[in-house]
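J.: This is the content of data28.txt (compact mmCIF, C-alpha atoms and all ligand atoms):
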```
# COMPACT_ATOMS: atom_id res chain seq x y z
CA MET A 1 -59.56 -6.80 -43.48
CA THR A 2 -62.38 -9.30 -43.90
CA ASP A 3 -65.26 -9.89 -41.55
CA PHE A 4 -66.05 -13.41 -42.67
CA PRO A 5 -63.97 -16.61 -42.87
CA HIS A 6 -61.75 -17.18 -45.89
CA VAL A 7 -62.88 -19.44 -48.70
CA THR A 8 -60.31 -22.20 -49.24
CA LYS A 9 -62.18 -25.11 -50.79
CA ALA A 10 -63.60 -25.71 -54.24
CA VAL A 11 -66.21 -28.32 -55.10
CA VAL A 12 -66.43 -29.50 -58.70
CA PRO A 13 -69.43 -31.69 -59.57
CA ALA A 14 -68.38 -34.16 -62.29
CA ALA A 15 -70.80 -37.05 -61.97
CA GLY A 16 -73.05 -36.34 -64.96
CA LEU A 17 -73.59 -39.09 -67.52
CA GLY A 18 -72.58 -36.93 -70.48
CA THR A 19 -75.38 -38.31 -72.64
CA ARG A 20 -75.18 -35.35 -75.05
CA PHE A 21 -71.77 -36.55 -76.21
CA LEU A 22 -72.48 -40.25 -76.74
CA PRO A 23 -70.86 -42.39 -77.98
CA ALA A 24 -67.67 -40.48 -77.01
CA THR A 25 -68.76 -40.51 -73.37
CA LYS A 26 -69.65 -44.20 -73.16
CA ALA A 27 -66.36 -45.01 -71.39
CA THR A 28 -64.77 -41.53 -71.15
CA PRO A 29 -66.10 -38.84 -68.81
CA LYS A 30 -67.34 -35.76 -70.65
CA GLU A 31 -65.13 -33.70 -68.35
CA MET A 32 -62.09 -35.30 -70.03
CA LEU A 33 -63.06 -34.18 -73.56
CA PRO A 34 -60.21 -31.97 -74.73
CA ILE A 35 -60.45 -28.28 -75.48
CA VAL A 36 -57.61 -28.37 -78.04
CA ASP A 37 -55.15 -30.47 -75.98
CA LYS A 38 -56.26 -30.02 -72.38
CA PRO A 39 -59.28 -31.73 -70.77
CA ALA A 40 -62.08 -29.27 -70.03
CA ILE A 41 -61.94 -30.15 -66.33
CA GLN A 42 -58.31 -29.01 -66.05
CA TYR A 43 -59.29 -25.45 -67.01
CA VAL A 44 -61.81 -25.50 -64.18
CA VAL A 45 -59.29 -26.71 -61.60
CA GLU A 46 -56.80 -24.10 -62.87
CA GLU A 47 -59.44 -21.41 -62.35
CA ALA A 48 -60.04 -22.56 -58.77
CA VAL A 49 -56.30 -22.48 -58.07
CA ALA A 50 -55.90 -19.05 -59.71
CA SER A 51 -58.63 -17.81 -57.35
CA GLY A 52 -56.67 -19.01 -54.32
CA LEU A 53 -58.50 -22.32 -53.79
CA SER A 54 -55.96 -25.14 -53.67
CA ASP A 55 -58.21 -27.74 -52.00
CA VAL A 56 -60.41 -29.21 -54.70
CA LEU A 57 -63.08 -31.83 -54.08
CA MET A 58 -64.45 -33.52 -57.14
CA ILE A 59 -67.82 -35.21 -57.00
CA THR A 60 -67.51 -38.15 -59.36
CA GLY A 61 -69.46 -41.24 -60.29
CA ARG A 62 -68.93 -44.47 -62.17
CA SER A 63 -66.61 -44.44 -65.22
CA LYS A 64 -64.80 -41.36 -63.92
CA ARG A 65 -61.51 -42.96 -62.92
CA SER A 66 -59.61 -41.24 -65.74
CA ILE A 67 -60.30 -37.88 -64.03
CA GLU A 68 -58.46 -39.12 -60.93
CA ASP A 69 -55.63 -40.48 -63.10
CA HIS A 70 -55.33 -37.16 -64.90
CA PHE A 71 -54.65 -35.25 -61.69
CA ASP A 72 -52.26 -37.92 -60.38
CA ARG A 73 -48.64 -38.71 -61.25
CA ALA A 74 -48.07 -40.85 -64.36
CA TYR A 75 -44.77 -42.53 -63.52
CA GLU A 76 -44.33 -44.64 -66.64
CA LEU A 77 -45.08 -41.73 -68.95
CA GLU A 78 -42.89 -39.39 -66.91
CA GLU A 79 -40.00 -41.87 -66.99
CA ALA A 80 -40.30 -42.38 -70.74
CA LEU A 81 -40.33 -38.61 -71.40
CA SER A 82 -37.50 -38.09 -68.96
CA ALA A 83 -35.38 -40.79 -70.66
CA LYS A 84 -35.95 -39.02 -73.98
CA GLY A 85 -35.01 -35.68 -72.45
CA ASP A 86 -38.39 -34.23 -73.52
CA ARG A 87 -38.63 -31.62 -70.79
CA GLU A 88 -41.44 -29.64 -72.36
CA ARG A 89 -43.85 -32.57 -72.48
CA LEU A 90 -42.69 -33.77 -69.08
CA ALA A 91 -43.67 -30.40 -67.65
CA GLN A 92 -47.07 -30.64 -69.36
CA VAL A 93 -47.68 -34.08 -67.86
CA ARG A 94 -46.67 -32.94 -64.38
CA GLU A 95 -48.66 -29.71 -64.48
CA SER A 96 -52.01 -31.31 -63.73
CA SER A 97 -50.72 -33.43 -60.84
CA ASP A 98 -48.96 -30.48 -59.19
CA LEU A 99 -51.94 -28.11 -59.40
CA ALA A 100 -53.96 -28.64 -56.25
CA ALA A 101 -54.73 -30.98 -53.36
CA MET A 102 -57.32 -33.15 -55.10
CA HIS A 103 -60.00 -35.08 -53.24
CA TYR A 104 -62.76 -37.29 -54.60
CA VAL A 105 -66.12 -38.46 -53.41
CA ARG A 106 -68.59 -40.53 -55.38
CA GLN A 107 -72.17 -39.41 -55.76
CA GLY A 108 -73.57 -42.91 -56.25
CA ASP A 109 -77.13 -42.03 -57.12
CA PRO A 110 -77.14 -39.03 -59.51
CA ARG A 111 -80.06 -37.07 -58.04
CA GLY A 112 -79.20 -33.60 -59.32
CA LEU A 113 -76.74 -30.75 -58.78
CA GLY A 114 -78.03 -30.03 -55.26
CA HIS A 115 -77.50 -33.66 -54.31
CA ALA A 116 -73.98 -33.60 -55.82
CA VAL A 117 -73.12 -30.53 -53.71
CA LEU A 118 -74.55 -32.22 -50.62
CA CYS A 119 -72.01 -35.04 -51.13
CA ALA A 120 -69.33 -32.43 -50.26
CA ALA A 121 -70.74 -31.77 -46.77
CA ALA A 122 -68.33 -33.96 -44.80
CA HIS A 123 -65.25 -32.64 -46.62
CA VAL A 124 -66.26 -28.97 -46.47
CA GLY A 125 -67.54 -28.87 -42.89
CA LYS A 126 -68.65 -25.48 -41.60
CA GLU A 127 -66.71 -23.32 -44.05
CA PRO A 128 -67.91 -21.30 -47.02
CA PHE A 129 -66.88 -22.99 -50.29
CA ALA A 130 -66.90 -22.42 -54.03
CA VAL A 131 -68.74 -24.58 -56.58
CA LEU A 132 -67.46 -24.65 -60.17
CA LEU A 133 -69.47 -26.39 -62.88
CA GLY A 134 -67.34 -28.02 -65.56
CA ASP A 135 -69.66 -27.19 -68.48
CA ASP A 136 -68.90 -23.47 -68.11
CA LEU A 137 -65.41 -22.20 -68.85
CA ILE A 138 -64.61 -18.63 -67.87
CA ASP A 139 -61.92 -16.76 -69.76
CA PRO A 140 -58.78 -17.32 -67.65
CA ARG A 141 -58.04 -13.57 -67.85
CA ASP A 142 -61.31 -12.78 -66.08
CA PRO A 143 -61.11 -12.71 -62.28
CA LEU A 144 -64.81 -13.62 -61.78
CA LEU A 145 -64.35 -16.18 -59.00
CA THR A 146 -61.78 -14.01 -57.21
CA ARG A 147 -64.34 -11.18 -57.18
CA MET A 148 -67.08 -13.52 -55.90
CA ILE A 149 -64.85 -14.67 -53.04
CA GLU A 150 -64.07 -11.03 -52.21
CA VAL A 151 -67.81 -10.26 -52.08
CA ARG A 152 -68.47 -13.29 -49.86
CA GLU A 153 -65.65 -12.30 -47.49
CA ARG A 154 -67.10 -8.79 -47.24
CA LEU A 155 -70.84 -9.52 -47.13
CA GLY A 156 -71.12 -13.15 -45.92
CA GLY A 157 -73.92 -15.44 -47.11
CA SER A 158 -73.68 -16.90 -50.60
CA VAL A 159 -72.72 -15.43 -53.96
CA VAL A 160 -73.80 -16.52 -57.45
CA ALA A 161 -72.39 -15.44 -60.82
CA LEU A 162 -75.05 -13.82 -63.02
CA MET A 163 -75.00 -13.13 -66.75
CA GLU A 164 -77.60 -11.27 -68.82
CA VAL A 165 -78.99 -13.31 -71.74
CA ASP A 166 -81.74 -13.07 -74.36
CA PRO A 167 -85.17 -13.91 -72.90
CA ALA A 168 -85.35 -17.03 -75.10
CA GLN A 169 -82.34 -18.52 -73.29
CA VAL A 170 -83.57 -18.00 -69.74
CA SER A 171 -85.48 -21.30 -69.59
CA SER A 172 -82.21 -23.27 -69.83
CA TYR A 173 -80.78 -21.83 -66.61
CA GLY A 174 -81.42 -20.78 -63.04
CA CYS A 175 -82.79 -17.23 -63.11
CA ALA A 176 -82.54 -14.50 -60.44
CA ALA A 177 -84.72 -11.63 -59.24
CA ILE A 178 -82.25 -8.88 -58.28
CA GLU A 179 -81.96 -5.51 -56.56
CA PRO A 180 -79.05 -3.08 -56.92
CA THR A 181 -76.45 -2.53 -54.18
CA ASP A 182 -73.84 0.23 -53.73
CA ALA A 183 -71.37 -1.65 -55.92
CA ASP A 184 -71.97 -1.57 -59.71
CA ASP A 185 -71.17 -5.23 -60.23
CA VAL A 186 -72.95 -6.61 -57.14
CA VAL A 187 -76.70 -7.17 -56.69
CA ARG A 188 -78.84 -8.58 -53.93
CA VAL A 189 -80.65 -11.73 -55.05
CA THR A 190 -84.24 -11.72 -53.76
CA ASP A 191 -85.53 -14.81 -55.54
CA LEU A 192 -84.31 -17.68 -57.73
CA VAL A 193 -86.16 -19.98 -60.12
CA GLU A 194 -84.66 -23.03 -61.82
CA LYS A 195 -85.27 -23.06 -65.59
CA PRO A 196 -88.45 -20.95 -65.64
CA PRO A 197 -90.65 -20.73 -68.73
CA VAL A 198 -89.83 -17.39 -70.36
CA GLU A 199 -93.10 -15.75 -69.21
CA GLU A 200 -92.37 -16.63 -65.57
CA ALA A 201 -88.71 -15.53 -65.55
CA PRO A 202 -88.07 -12.85 -62.92
CA SER A 203 -85.33 -11.24 -65.06
CA ARG A 204 -82.87 -11.91 -67.88
CA TRP A 205 -80.05 -12.59 -65.41
CA ILE A 206 -79.13 -16.26 -65.30
CA ILE A 207 -76.82 -18.19 -63.01
CA ILE A 208 -73.64 -19.33 -64.71
CA GLY A 209 -71.72 -22.20 -63.19
CA ARG A 210 -69.86 -20.42 -60.39
CA TYR A 211 -71.10 -20.17 -56.80
CA VAL A 212 -69.71 -19.36 -53.38
CA CYS A 213 -71.98 -21.05 -50.85
CA ALA A 214 -72.50 -20.53 -47.15
CA PRO A 215 -72.13 -23.86 -45.27
CA GLU A 216 -75.79 -23.56 -44.19
CA VAL A 217 -76.66 -24.63 -47.75
CA PHE A 218 -76.03 -28.25 -46.68
CA ASP A 219 -78.79 -28.21 -44.07
CA VAL A 220 -81.16 -26.62 -46.57
CA LEU A 221 -80.23 -29.19 -49.26
CA ARG A 222 -81.03 -32.04 -46.86
CA GLU A 223 -84.59 -30.67 -46.68
CA THR A 224 -84.94 -29.68 -50.34
CA PRO A 225 -87.45 -31.84 -52.26
CA PRO A 226 -86.83 -32.76 -55.89
CA GLY A 227 -87.61 -29.77 -58.11
CA ARG A 228 -87.30 -29.11 -61.85
CA GLY A 229 -86.68 -32.37 -63.74
CA GLY A 230 -87.32 -34.40 -60.57
CA GLU A 231 -83.81 -33.46 -59.34
CA ILE A 232 -82.60 -31.83 -56.13
CA GLN A 233 -81.67 -28.36 -57.33
CA LEU A 234 -78.94 -26.13 -55.88
CA THR A 235 -80.99 -23.18 -57.13
CA ASP A 236 -83.91 -24.18 -54.86
CA ALA A 237 -81.66 -24.33 -51.78
CA LEU A 238 -80.11 -20.94 -52.58
CA LYS A 239 -83.62 -19.50 -53.02
CA VAL A 240 -84.30 -20.45 -49.38
CA LEU A 241 -81.04 -18.80 -48.24
CA ALA A 242 -81.84 -15.67 -50.30
CA GLN A 243 -84.85 -15.13 -48.06
CA ARG A 244 -82.93 -15.59 -44.79
CA ASP A 245 -80.92 -13.12 -42.73
CA ALA A 246 -77.25 -13.57 -41.77
CA ALA A 247 -78.11 -15.65 -38.69
CA GLY A 248 -79.82 -18.24 -40.90
CA GLY A 249 -77.08 -18.42 -43.55
CA GLY A 250 -78.38 -15.64 -45.83
CA PRO A 251 -78.31 -13.42 -47.77
CA VAL A 252 -77.47 -14.23 -51.41
CA HIS A 253 -75.66 -11.72 -53.61
CA GLY A 254 -74.93 -11.87 -57.31
CA VAL A 255 -71.78 -10.73 -59.11
CA LEU A 256 -72.71 -9.46 -62.57
CA PHE A 257 -70.47 -11.07 -65.16
CA ARG A 258 -69.89 -9.27 -68.46
CA GLY A 259 -66.87 -11.21 -69.67
CA SER A 260 -66.48 -14.25 -71.91
CA ARG A 261 -68.02 -17.55 -70.92
CA TYR A 262 -67.58 -20.68 -72.99
CA ASP A 263 -70.12 -23.45 -72.86
CA THR A 264 -68.87 -27.00 -73.37
CA GLY A 265 -72.11 -28.72 -72.36
CA ASN A 266 -73.50 -29.39 -75.84
CA LYS A 267 -71.95 -30.26 -79.19
CA LEU A 268 -72.33 -26.95 -81.00
CA ASP A 269 -71.06 -24.80 -78.12
CA TYR A 270 -68.26 -27.30 -77.51
CA LEU A 271 -67.12 -26.96 -81.13
CA ARG A 272 -67.26 -23.15 -80.91
CA THR A 273 -65.19 -23.26 -77.72
CA VAL A 274 -62.53 -25.51 -79.26
CA VAL A 275 -62.21 -23.21 -82.30
CA GLN A 276 -62.05 -20.06 -80.14
CA PHE A 277 -59.40 -21.54 -77.82
CA ALA A 278 -57.38 -22.78 -80.82
CA LEU A 279 -57.47 -19.33 -82.42
CA GLU A 280 -55.93 -17.86 -79.25
CA ARG A 281 -53.00 -20.25 -79.41
CA ASP A 282 -49.82 -18.86 -80.97
CA ASP A 283 -48.67 -22.34 -82.00
CA LEU A 284 -51.90 -23.02 -83.92
CA ALA A 285 -53.50 -19.73 -85.04
CA ALA A 286 -50.90 -18.88 -87.72
CA GLU A 287 -51.82 -21.96 -89.73
CA LEU A 288 -55.39 -22.46 -88.58
CA VAL A 289 -56.70 -18.98 -89.53
CA PRO A 290 -55.73 -19.09 -93.24
CA TRP A 291 -56.93 -22.71 -93.44
CA LEU A 292 -60.29 -21.79 -91.89
CA ARG A 293 -60.71 -18.82 -94.26
CA ASP A 294 -59.92 -20.96 -97.25
CA PHE A 295 -62.13 -23.80 -96.07
CA LEU A 296 -65.10 -21.50 -95.49
CA ALA A 297 -64.66 -19.74 -98.85
CA LYS A 298 -64.76 -23.12 -100.59
CA TYR A 299 -67.67 -24.19 -98.36
CA ASP A 300 -69.64 -21.07 -99.36
CA GLU A 301 -68.92 -21.63 -103.05
CA GLY A 302 -70.18 -25.19 -102.77
CA ALA A 303 -73.27 -24.21 -100.75
C1 LIG B 401 -77.14 -25.94 -63.75
C2 LIG B 401 -77.97 -25.17 -62.72
C3 LIG B 401 -78.55 -23.90 -63.34
C4 LIG B 401 -77.42 -23.06 -63.91
C5 LIG B 401 -76.58 -23.88 -64.91
C6 LIG B 401 -75.35 -23.10 -65.34
O1 LIG B 401 -78.00 -26.41 -64.76
O2 LIG B 401 -79.00 -26.01 -62.24
O3 LIG B 401 -79.24 -23.17 -62.37
O4 LIG B 401 -77.96 -21.91 -64.54
O5 LIG B 401 -76.13 -25.10 -64.32
O6 LIG B 401 -74.67 -23.76 -66.38
P1 LIG B 401 -77.59 -27.59 -65.78
O7 LIG B 401 -76.87 -26.92 -66.91
O8 LIG B 401 -76.73 -28.54 -65.02
O9 LIG B 401 -78.88 -28.20 -66.22
```
Before anything else, please render the file you have as structure tokens.
T.:
Amino acid sequence: MTDFPHVTKAVVPAAGLGTRFLPATKATPKEMLPIVDKPAIQYVVEEAVASGLSDVLMITGRSKRSIEDHFDRAYELEEALSAKGDRERLAQVRESSDLAAMHYVRQGDPRGLGHAVLCAAAHVGKEPFAVLLGDDLIDPRDPLLTRMIEVRERLGGSVVALMEVDPAQVSSYGCAAIEPTDADDVVRVTDLVEKPPVEEAPSRWIIIGRYVCAPEVFDVLRETPPGRGGEIQLTDALKVLAQRDAAGGGPVHGVLFRGSRYDTGNKLDYLRTVVQFALERDDLAAELVPWLRDFLAKYDEGA
């Protein structure tokens, strides 16, 4: 029994310029960089689908056509694999095009995450919807988004995913002031600040890239002035909703996440993520682990 409408749509902002990964991202979207052999963005769409959201709207920009191609059929490739009888690879190629109902809208002017989300307004309409940021990968065994949707369907309003970090890291994220609720893993969010200096941070709980937003967020975003970095911030719009009651599109709750999150947004974290994902793969770990050990032993000797 739920009191509030079901969440059925996912919005995935993918219009960033990917400047941290130049020159790789000059002509290739950063979302298409592989984590072992699968583009990072496919993990995100798989997570949306695993959480029951099979309508996925991607907010793209220029040079992002390969994302659309990746989630579409690839007839020539499929025919060639089929002629060779390579069923395993054929299945891999088809997997991404069979995943979800994919939709695309272009952001045009990249004016920040809040602006990217606002580009979803016409597609989403008056329904609650999820937002998944491609730089954050959540361990596929962790039902974080499913839990967030459950909380939204029970309590209404919006829901953010919160993770506790060292104080030094807080200034790289949106940060929440929180109050406990009856449920251990759910808090009420009373305030939000985008990338606060450490001394102004209301807590050590930061927003990771998963949100379930009330549709009222669109009206708030239309009125939200540029904030941190001169960009229209989703955090600023959610701060407004956190201070409203249910009639105005509030409140905002947080689901406390204690699982594994993998960052792919900068080079070092990306490399860590690739190694961790590779070590979980049965087809790679058996050879990779002894090689890594050997390599590091030699590296240490040489150091
Ligand atoms: C965005 C949000 C920030 C959030 C972060 C999560 O920042 O603005 O509130 O904590 O994603 O990854 P960005 O990393 O795009 O600068």
J.: State, in Å with one decimal place, the distance from CA of Lys26 in chain A to CA of Ala74 in chain A.
T.: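 Straight-line distance from CA of Lys26 in chain A to CA of Ala74 in chain A works out to 23.5 Å.
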J.: Give as a list in words the residues surrounding ligand LIG 401 (chain B) up to a distance of 7 Å, considering only C-alpha atoms and all ligand atoms.
T.: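 Residues satisfying the distance criterion: Leu113, Leu133, Asp135, Asp136, Ser172, Tyr173, Gly174, Cys175, Glu194, Lys195, Ile206, Ile207, Ile208, Gly209, Gln233, Leu234 and Thr235 of chain A.
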J.: Around (-77.6, -24.1, -47.5) in the file's frame, which residues reach within 8 Å when counting all atoms listed in the file? Return as a VMD selection string?
T.: chain A and resid 213 to 221 237 to 238 240 to 241 249
J.: I'd like to know which of A:Ala247, A:Leu162, A:Val193, A:Leu284 is closest to Arg261 in chain A, using only C-alpha atoms.
T.: A:Leu162
J.: Just want the 7 Å neighbourhood of Gly61 in chain A, counted on all atoms listed in the file, with same-chain residues fewer than 2 positions away dropped. Output as a ChimeraX atom specification.
T.: /A:15,63-64,106-108
J.: Just the residues within 9 Å of Leu155 in chain A, please, counting only C-alpha atoms, with nothing from its chain fewer than 2 positions along; format it as a PyMOL selection string.
T.: chain A and resi 3-4+150-153+157-158+251+253
J.: Do you know which residues lie at most 9 Å from (-76.1, -35.7, -59.2), with coordinates as in the file and all atoms listed in the file counted, and could you write them as a list in words?
T.: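 Those residues lying close to the given coordinates are Pro13, Ala14, Ala15, Gly16, Ile59, Thr60, Gly61, Gln107, Gly108, Asp109, Pro110, Arg111, Gly112, Leu113, Gly114, His115, Ala116, Val117, Glu231 and Ile232 of chain A.
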J.: Excluding Asp185 in chain A and its own-chain neighbours fewer than 3 positions away, which residues fall within 8 Å of it when counting only C-alpha atoms? Please give them as an mmCIF file with C-alpha atoms, in the coordinates of the input.
T.:
```
data_model
loop_
_atom_site.group_PDB
_atom_site.id
_atom_site.type_symbol
_atom_site.label_atom_id
_atom_site.label_comp_id
_atom_site.auth_asym_id
_atom_site.auth_seq_id
_atom_site.Cartn_x
_atom_site.Cartn_y
_atom_site.Cartn_z
ATOM 1 C CA VAL A 255 -71.780 -10.730 -59.110
ATOM 2 C CA LEU A 256 -72.710 -9.460 -62.570
ATOM 3 C CA PHE A 257 -70.470 -11.070 -65.160
#
```
J.: Can I get range 287-299 of chain A with N, CA, C and O atoms filled in, as an mmCIF file, keeping the file's coordinate frame?
T.:
```cif
data_model
loop_
_atom_site.group_PDB
_atom_site.id
_atom_site.type_symbol
_atom_site.label_atom_id
_atom_site.label_comp_id
_atom_site.auth_asym_id
_atom_site.auth_seq_id
_atom_site.Cartn_x
_atom_site.Cartn_y
_atom_site.Cartn_z
ATOM 1 N N GLU A 287 -51.426 -21.065 -88.636
ATOM 2 C CA GLU A 287 -51.820 -21.960 -89.730
ATOM 3 C C GLU A 287 -53.319 -22.189 -89.794
ATOM 4 O O GLU A 287 -53.886 -22.382 -90.861
ATOM 5 N N LEU A 288 -53.953 -22.149 -88.631
ATOM 6 C CA LEU A 288 -55.390 -22.460 -88.580
ATOM 7 C C LEU A 288 -56.239 -21.365 -89.241
ATOM 8 O O LEU A 288 -57.198 -21.660 -89.958
ATOM 9 N N VAL A 289 -55.874 -20.090 -89.011
ATOM 10 C CA VAL A 289 -56.700 -18.980 -89.530
ATOM 11 C C VAL A 289 -56.775 -19.005 -91.058
ATOM 12 O O VAL A 289 -57.884 -19.039 -91.608
ATOM 13 N N PRO A 290 -55.617 -19.033 -91.779
ATOM 14 C CA PRO A 290 -55.730 -19.090 -93.240
ATOM 15 C C PRO A 290 -56.453 -20.346 -93.728
ATOM 16 O O PRO A 290 -57.228 -20.288 -94.678
ATOM 17 N N TRP A 291 -56.245 -21.475 -93.035
ATOM 18 C CA TRP A 291 -56.930 -22.710 -93.440
ATOM 19 C C TRP A 291 -58.455 -22.548 -93.287
ATOM 20 O O TRP A 291 -59.236 -22.901 -94.173
ATOM 21 N N LEU A 292 -58.859 -21.984 -92.142
ATOM 22 C CA LEU A 292 -60.290 -21.790 -91.890
ATOM 23 C C LEU A 292 -60.922 -20.885 -92.941
ATOM 24 O O LEU A 292 -62.000 -21.173 -93.465
ATOM 25 N N ARG A 293 -60.208 -19.765 -93.256
ATOM 26 C CA ARG A 293 -60.710 -18.820 -94.260
ATOM 27 C C ARG A 293 -60.928 -19.521 -95.600
ATOM 28 O O ARG A 293 -61.979 -19.420 -96.214
ATOM 29 N N ASP A 294 -59.892 -20.251 -95.993
ATOM 30 C CA ASP A 294 -59.920 -20.960 -97.250
ATOM 31 C C ASP A 294 -61.042 -22.001 -97.275
ATOM 32 O O ASP A 294 -61.817 -22.106 -98.225
ATOM 33 N N PHE A 295 -61.127 -22.747 -96.183
ATOM 34 C CA PHE A 295 -62.130 -23.800 -96.070
ATOM 35 C C PHE A 295 -63.535 -23.212 -96.189
ATOM 36 O O PHE A 295 -64.379 -23.719 -96.922
ATOM 37 N N LEU A 296 -63.763 -22.093 -95.479
ATOM 38 C CA LEU A 296 -65.100 -21.500 -95.490
ATOM 39 C C LEU A 296 -65.432 -20.886 -96.848
ATOM 40 O O LEU A 296 -66.582 -20.950 -97.287
ATOM 41 N N ALA A 297 -64.418 -20.306 -97.510
ATOM 42 C CA ALA A 297 -64.660 -19.740 -98.850
ATOM 43 C C ALA A 297 -65.104 -20.858 -99.779
ATOM 44 O O ALA A 297 -66.096 -20.724 -100.500
ATOM 45 N N LYS A 298 -64.394 -21.976 -99.717
ATOM 46 C CA LYS A 298 -64.760 -23.120 -100.590
ATOM 47 C C LYS A 298 -66.125 -23.664 -100.185
ATOM 48 O O LYS A 298 -66.938 -24.045 -101.039
ATOM 49 N N TYR A 299 -66.394 -23.689 -98.874
ATOM 50 C CA TYR A 299 -67.670 -24.190 -98.360
ATOM 51 C C TYR A 299 -68.808 -23.335 -98.898
ATOM 52 O O TYR A 299 -69.831 -23.843 -99.341
#
```
